[in-house]
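Visitor: Structure file work-v2.txt (compact mmCIF, C-alpha atoms and all ligand atoms) is given on the next line.
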# COMPACT_ATOMS: atom_id res chain seq x y z
CA MET A 253 29.42 43.69 -20.06
CA PHE A 254 29.39 42.54 -16.43
CA ASN A 255 28.03 38.99 -16.16
CA ILE A 256 25.95 38.78 -12.99
CA GLU A 257 25.76 34.97 -13.09
CA ASP A 258 29.55 34.62 -13.19
CA PHE A 259 29.76 36.97 -10.22
CA ASP A 260 26.98 35.31 -8.26
CA ILE A 261 28.34 31.79 -8.61
CA LYS A 262 31.52 32.77 -6.74
CA LEU A 263 29.85 34.96 -4.15
CA ASP A 264 30.10 33.22 -0.81
CA THR A 265 28.62 35.78 1.57
CA GLU A 266 25.69 35.88 3.96
CA PHE A 267 24.59 39.43 3.29
CA ILE A 268 27.22 41.54 1.50
CA GLY A 269 26.19 41.72 -2.16
CA ARG A 270 23.08 39.56 -1.79
CA ASN A 271 21.03 42.57 -2.86
CA PHE A 272 22.85 43.56 -6.04
CA ILE A 273 21.99 46.55 -8.24
CA TYR A 274 23.61 46.90 -11.62
CA CYS A 275 23.57 50.20 -13.58
CA GLU A 276 24.98 51.22 -16.93
CA GLU A 277 25.51 54.81 -15.83
CA ILE A 278 24.96 56.79 -12.65
CA ASP A 279 26.40 60.00 -11.15
CA SER A 280 28.12 58.28 -8.23
CA THR A 281 27.34 54.95 -6.59
CA ASN A 282 28.14 56.47 -3.19
CA SER A 283 25.79 59.43 -3.67
CA THR A 284 23.00 57.16 -4.92
CA LEU A 285 23.16 54.86 -1.91
CA LEU A 286 23.28 57.76 0.53
CA ASN A 287 20.69 60.05 -1.04
CA ASP A 288 18.08 57.63 -2.33
CA ASN A 289 15.79 56.37 0.42
CA TYR A 290 14.85 53.37 -1.67
CA TYR A 291 18.03 51.57 -0.55
CA LYS A 292 17.57 50.24 2.95
CA LYS A 293 19.06 46.76 3.07
CA ASN A 294 22.33 46.20 4.88
CA GLY A 295 24.99 44.92 2.49
CA THR A 296 23.32 46.21 -0.71
CA ILE A 297 25.76 46.76 -3.57
CA ILE A 298 25.38 49.21 -6.43
CA LEU A 299 27.76 48.68 -9.29
CA SER A 300 27.85 51.10 -12.18
CA GLU A 301 29.66 50.59 -15.47
CA PHE A 302 30.25 54.32 -15.62
CA GLN A 303 30.00 57.23 -13.17
CA THR A 304 29.39 60.75 -14.47
CA ASN A 305 30.48 62.23 -11.14
CA GLY A 306 32.75 59.60 -9.61
CA LYS A 307 34.13 61.02 -6.38
CA GLY A 308 37.55 60.51 -4.84
CA ARG A 309 38.84 61.52 -1.43
CA LYS A 310 39.42 65.21 -0.75
CA ARG A 311 36.88 66.29 -3.40
CA ARG A 312 38.95 64.82 -6.18
CA GLU A 313 37.38 63.09 -9.17
CA TRP A 314 37.51 59.35 -9.66
CA LEU A 315 37.84 58.67 -13.36
CA SER A 316 37.33 55.16 -14.61
CA ASN A 317 36.83 53.83 -18.14
CA LYS A 318 33.41 52.42 -18.93
CA GLU A 319 33.04 48.64 -18.54
CA GLN A 320 36.74 48.03 -17.88
CA ASN A 321 36.98 48.47 -14.13
CA LEU A 322 34.92 48.10 -10.96
CA THR A 323 33.18 51.11 -9.42
CA PHE A 324 30.75 50.11 -6.70
CA SER A 325 29.50 50.95 -3.23
CA ILE A 326 28.44 48.86 -0.27
CA LEU A 327 25.60 50.08 1.92
CA LEU A 328 26.05 49.47 5.64
CA ILE A 329 23.15 50.08 8.01
CA ASP A 330 23.97 48.34 11.23
CA ASP A 331 24.10 50.99 13.91
CA LEU A 332 27.85 51.25 13.40
CA LYS A 333 29.94 53.37 15.73
CA PRO A 334 32.27 55.99 14.18
CA ARG A 335 35.24 53.95 15.39
CA GLN A 336 33.99 50.85 13.57
CA VAL A 337 33.48 52.88 10.40
CA ASN A 338 37.06 54.05 10.65
CA ILE A 339 38.30 50.49 11.01
CA LEU A 340 36.15 49.41 8.05
CA ASN A 341 37.71 52.18 6.00
CA LEU A 342 41.12 50.57 6.50
CA GLY A 343 39.61 47.09 6.38
CA ALA A 344 38.10 47.63 2.94
CA SER A 345 41.55 48.35 1.50
CA LEU A 346 42.81 45.20 3.20
CA ALA A 347 40.00 43.16 1.57
CA VAL A 348 40.95 44.52 -1.88
CA ALA A 349 44.66 43.82 -1.27
CA GLN A 350 43.99 40.26 -0.06
CA SER A 351 41.79 39.61 -3.11
CA ILE A 352 44.42 40.77 -5.60
CA GLU A 353 47.05 38.65 -3.86
CA ASN A 354 44.81 35.57 -3.66
CA LEU A 355 43.67 35.70 -7.27
CA PHE A 356 46.78 36.95 -9.07
CA GLN A 357 49.68 36.45 -6.64
CA LEU A 358 50.60 40.12 -7.05
CA LYS A 359 52.21 41.78 -4.03
CA THR A 360 50.19 44.71 -2.75
CA ASN A 361 50.86 47.49 -0.24
CA LEU A 362 48.53 49.80 1.63
CA LYS A 363 49.02 53.52 1.86
CA TRP A 364 47.29 55.11 4.82
CA PRO A 365 44.40 55.39 5.08
CA ASN A 366 43.09 53.23 2.26
CA ASP A 367 44.94 53.26 -1.06
CA VAL A 368 45.92 49.91 -2.51
CA LEU A 369 49.22 49.92 -4.36
CA ILE A 370 51.03 47.47 -6.59
CA ASP A 371 54.69 48.30 -7.03
CA GLY A 372 54.08 51.85 -5.73
CA LYS A 373 51.24 52.51 -8.18
CA LYS A 374 47.61 52.94 -7.17
CA VAL A 375 45.25 50.17 -8.23
CA SER A 376 42.33 50.94 -5.94
CA GLY A 377 40.91 53.77 -3.85
CA ILE A 378 38.16 53.88 -1.25
CA LEU A 379 35.79 56.63 -0.23
CA ILE A 380 33.64 56.12 2.84
CA GLU A 381 30.74 58.54 3.38
CA SER A 382 27.90 58.55 5.85
CA SER A 383 24.67 60.26 6.78
CA SER A 384 23.47 60.68 10.33
CA LYS A 385 20.24 61.07 12.20
CA GLY A 386 20.70 62.97 15.46
CA ASP A 387 23.93 61.67 16.92
CA LYS A 388 23.62 58.26 15.24
CA LEU A 389 25.05 57.13 11.94
CA GLU A 390 22.15 56.35 9.68
CA LYS A 391 23.77 55.03 6.51
CA VAL A 392 27.34 54.33 5.52
CA ALA A 393 28.31 54.12 1.84
CA LEU A 394 31.64 52.43 1.34
CA GLY A 395 32.68 53.19 -2.23
CA ILE A 396 35.43 51.18 -3.91
CA GLY A 397 37.09 51.86 -7.24
CA ILE A 398 39.40 49.15 -8.61
CA ASN A 399 41.31 49.56 -11.84
CA VAL A 400 40.86 46.12 -13.32
CA ASN A 401 41.28 46.00 -17.10
CA GLN A 402 42.01 49.60 -18.02
CA PRO A 403 45.04 49.50 -20.35
CA ASN A 404 46.31 53.05 -19.87
CA PHE A 405 45.67 56.24 -17.92
CA THR A 406 45.82 59.84 -19.02
CA GLY A 407 45.65 62.93 -16.84
CA ARG A 408 47.43 64.15 -13.75
CA PHE A 409 47.54 61.98 -10.69
CA ASN A 410 49.10 62.47 -7.26
CA ILE A 411 50.06 58.78 -7.24
CA PRO A 412 50.75 57.04 -10.58
CA PRO A 413 47.84 54.73 -11.40
CA THR A 414 47.89 51.14 -12.60
CA SER A 415 45.43 48.33 -13.22
CA ILE A 416 45.45 44.63 -12.41
CA LYS A 417 45.70 43.91 -16.14
CA LYS A 418 48.79 46.11 -16.48
CA GLU A 419 50.52 44.31 -13.62
CA PHE A 420 49.26 40.78 -14.32
CA LYS A 421 49.84 41.21 -18.08
CA LYS A 422 46.50 39.62 -18.90
CA GLU A 423 42.82 40.62 -19.03
CA VAL A 424 41.14 39.41 -15.82
CA SER A 425 37.55 38.63 -14.82
CA ARG A 426 35.89 41.62 -13.16
CA GLU A 427 33.17 39.30 -11.86
CA ARG A 428 35.75 37.12 -10.10
CA VAL A 429 37.51 40.17 -8.61
CA LEU A 430 34.25 41.55 -7.26
CA SER A 431 33.09 38.28 -5.69
CA GLU A 432 36.50 37.80 -4.04
CA VAL A 433 36.53 41.35 -2.66
CA LEU A 434 33.04 40.97 -1.21
CA ASN A 435 33.85 37.54 0.26
CA ASN A 436 36.90 38.99 1.97
CA PHE A 437 35.09 42.15 3.00
CA GLU A 438 32.36 40.22 4.80
CA VAL A 439 35.00 38.50 6.93
CA ILE A 440 36.56 41.90 7.66
CA TYR A 441 33.15 43.31 8.54
CA GLU A 442 32.60 40.61 11.19
CA LEU A 443 36.11 41.25 12.54
CA ALA A 444 35.47 45.00 12.74
CA LEU A 445 32.64 44.22 15.15
CA LYS A 446 34.42 41.48 17.14
CA ASP A 447 38.20 41.71 16.78
CA PRO A 448 39.25 45.03 15.17
CA LYS A 449 42.87 44.56 16.35
CA LYS A 450 43.25 41.71 13.84
CA ILE A 451 42.32 44.08 11.00
CA LEU A 452 44.76 46.71 12.23
CA ASN A 453 47.57 44.16 12.54
CA ASP A 454 46.94 42.73 9.07
CA TRP A 455 46.74 46.26 7.68
CA LYS A 456 50.07 47.17 9.30
CA LEU A 457 51.78 44.11 7.78
CA ARG A 458 51.06 45.56 4.34
CA SER A 459 51.62 49.21 5.20
CA ARG A 460 53.88 51.04 2.79
CA PHE A 461 55.33 53.80 4.97
CA LEU A 462 55.07 52.49 8.54
CA GLY A 463 58.29 53.31 10.44
CA GLU A 464 59.49 55.76 7.79
CA SER A 465 59.99 59.52 7.68
CA ILE A 466 57.03 60.97 5.87
CA LYS A 467 55.17 64.15 5.20
CA ILE A 468 51.43 64.62 5.46
CA GLU A 469 49.80 67.25 3.31
CA GLU A 470 46.35 68.45 4.23
CA GLY A 471 45.08 71.59 2.52
CA GLU A 472 47.69 74.30 3.01
CA SER A 473 49.51 72.57 5.84
CA THR A 474 52.35 70.05 5.73
CA LEU A 475 53.48 68.02 8.71
CA TYR A 476 56.75 66.10 8.87
CA GLY A 477 57.50 63.17 11.11
CA LYS A 478 57.95 59.45 11.52
CA PHE A 479 54.96 57.18 10.87
CA GLU A 480 55.13 55.51 14.28
CA ASP A 481 51.96 53.40 14.36
CA ILE A 482 48.22 53.37 13.88
CA ASP A 483 46.12 53.60 17.02
CA ASP A 484 43.16 51.40 18.00
CA ASP A 485 40.80 53.65 16.04
CA GLY A 486 42.84 53.45 12.84
CA PHE A 487 44.30 56.97 13.10
CA MET A 488 47.92 57.58 12.25
CA MET A 489 50.36 58.28 15.07
CA LEU A 490 53.00 60.61 13.74
CA ARG A 491 56.12 61.34 15.78
CA THR A 492 56.97 65.00 15.24
CA GLU A 493 59.31 67.41 17.01
CA LYS A 494 56.44 68.16 19.39
CA GLY A 495 55.79 64.51 20.26
CA ILE A 496 53.13 62.12 18.97
CA GLU A 497 50.37 63.71 16.90
CA LYS A 498 47.20 61.93 15.94
CA ILE A 499 46.45 62.31 12.23
CA HIS A 500 42.90 61.97 10.94
CA PHE A 501 43.30 62.93 7.27
CA GLY A 502 45.96 63.78 4.76
CA ASP A 503 48.05 62.68 1.81
CA VAL A 504 51.07 60.71 2.87
CA SER A 505 54.36 60.64 1.00
CA LEU A 506 58.01 59.92 1.74
CA VAL A 507 60.29 62.85 2.41
C1 LIG B 1 40.15 57.84 -3.72
O1 LIG B 1 41.12 57.11 -3.81
O2 LIG B 1 40.28 59.07 -3.80
C2 LIG B 1 38.80 57.24 -3.50
C3 LIG B 1 38.17 56.74 -4.76
C4 LIG B 1 36.81 56.11 -4.56
C5 LIG B 1 36.12 55.80 -5.86
C6 LIG B 1 34.86 55.01 -5.68
S1 LIG B 1 34.23 54.42 -7.21
C7 LIG B 1 32.75 53.93 -6.44
C8 LIG B 1 32.39 54.96 -5.41
N1 LIG B 1 31.60 56.03 -5.97
C9 LIG B 1 32.24 57.19 -6.00
O3 LIG B 1 31.79 58.25 -6.45
N2 LIG B 1 33.46 57.05 -5.47
C10 LIG B 1 33.69 55.71 -5.00
Would you encode the structure as structure tokens?

Guide:
Amino acid sequence: MFNIEDFDIKLDTEFIGRNFIYCEEIDSTNSTLLNDNYYKKNGTIILSEFQTNGKGRKRREWLSNKEQNLTFSILLIDDLKPRQVNILNLGASLAVAQSIENLFQLKTNLKWPNDVLIDGKKVSGILIESSSKGDKLEKVALGIGINVNQPNFTGRFNIPPTSIKKEFKKEVSRERVLSEVLNNFEVIYELALKDPKKILNDWKLRSRFLGESIKIEEGESTLYGKFEDIDDDGFMMLRTEKGIEKIHFGDVSLV
């Protein structure tokens, strides 16, 4: 069981995670934060030991064993601009990568837009969702799934999965991982408002396919090109036969 005291003692944030909600089981931490009007405090975290409808990007499922991993969402209500949300989407994966490197000295890579990989295998995924009022963003739910102590994975995956335990060869403290991620995320959050370029540069240093020939699959369409750069909004700049194309979504893989 998750030990809230062990988590709290290492939490070093001003507001991220200071309002902490723990659940045994919920449909999805993202859906709960977005749909339930009870949650109104910026930086609120909901962590659930199990999700009955854990959601991944592109309407995929996010499956995670009960009490072995971390599945949680961060509520952001700060009049964020869509561009800042985009940067935070990349920034959240950077916070997870930095945390795994700091705590376990494991080398991580980032796969655009926000998958965290260890040795080419996916250890964490991020799903950012929002609700709006008029033309303003009302609530942003930044959902993070981290495979922490899950020993094995069954099913079909588009990227092979792994966990920190599998790579570190030891059971690790979920409480310590969560506090580290939130500590790093709060720094990233401040940067997203003041110095987003720093996030983009740090993200690029860990990027897995930057500079390489890749393909992007989105629904029925596949685009081929060279992953040239990410722009100031965090979108991918893909050099194709037609010139530079700006990519907003898609699954990236090497050709
Ligand atoms: C992906 O890689 O496809 C994104 C996975 C995001 C999973 C997390 S787990 C907590 C939060 N609640 C959800 O339903 N999804 C996100």

Visitor: Taking all atoms listed in the file into account, report as a ChimeraX atom specification which residues have an atom no farther than 9 Å from an atom of ligand LIG 1 (chain B).

Guide: /A:279-284,298-300,303-316,322-326,366-368,374,376-380,393-398

Visitor: Go through A:Val375, A:Leu332, A:Leu355, A:Leu490 and flag the residue nearest Gly477 (chain A), using all atoms listed in the file for the distances.

Guide: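 Using all atoms listed in the file, the shortest distance to Gly477 (chain A) belongs to A:Leu490.
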
Visitor: If I take CA of Gln357 (chain A) and CA of Met253 (chain A), how far is one from the other in Å, to one decimal?

Guide: 25.4 Å

Visitor: Just checking: using all atoms listed in the file, which residue out of A:Leu389, A:Val439, A:Leu434, A:Leu358 ends up closest to Lys421 (chain A)?

Guide: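 Using all atoms listed in the file, Lys421 (chain A) sits closest to A:Leu358.
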
Visitor: One number please: CA of Trp364 (chain A) to CA of Gly407 (chain A), in Å, one decimal.

Guide: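 Distance between the two atoms: 23.1 Å.
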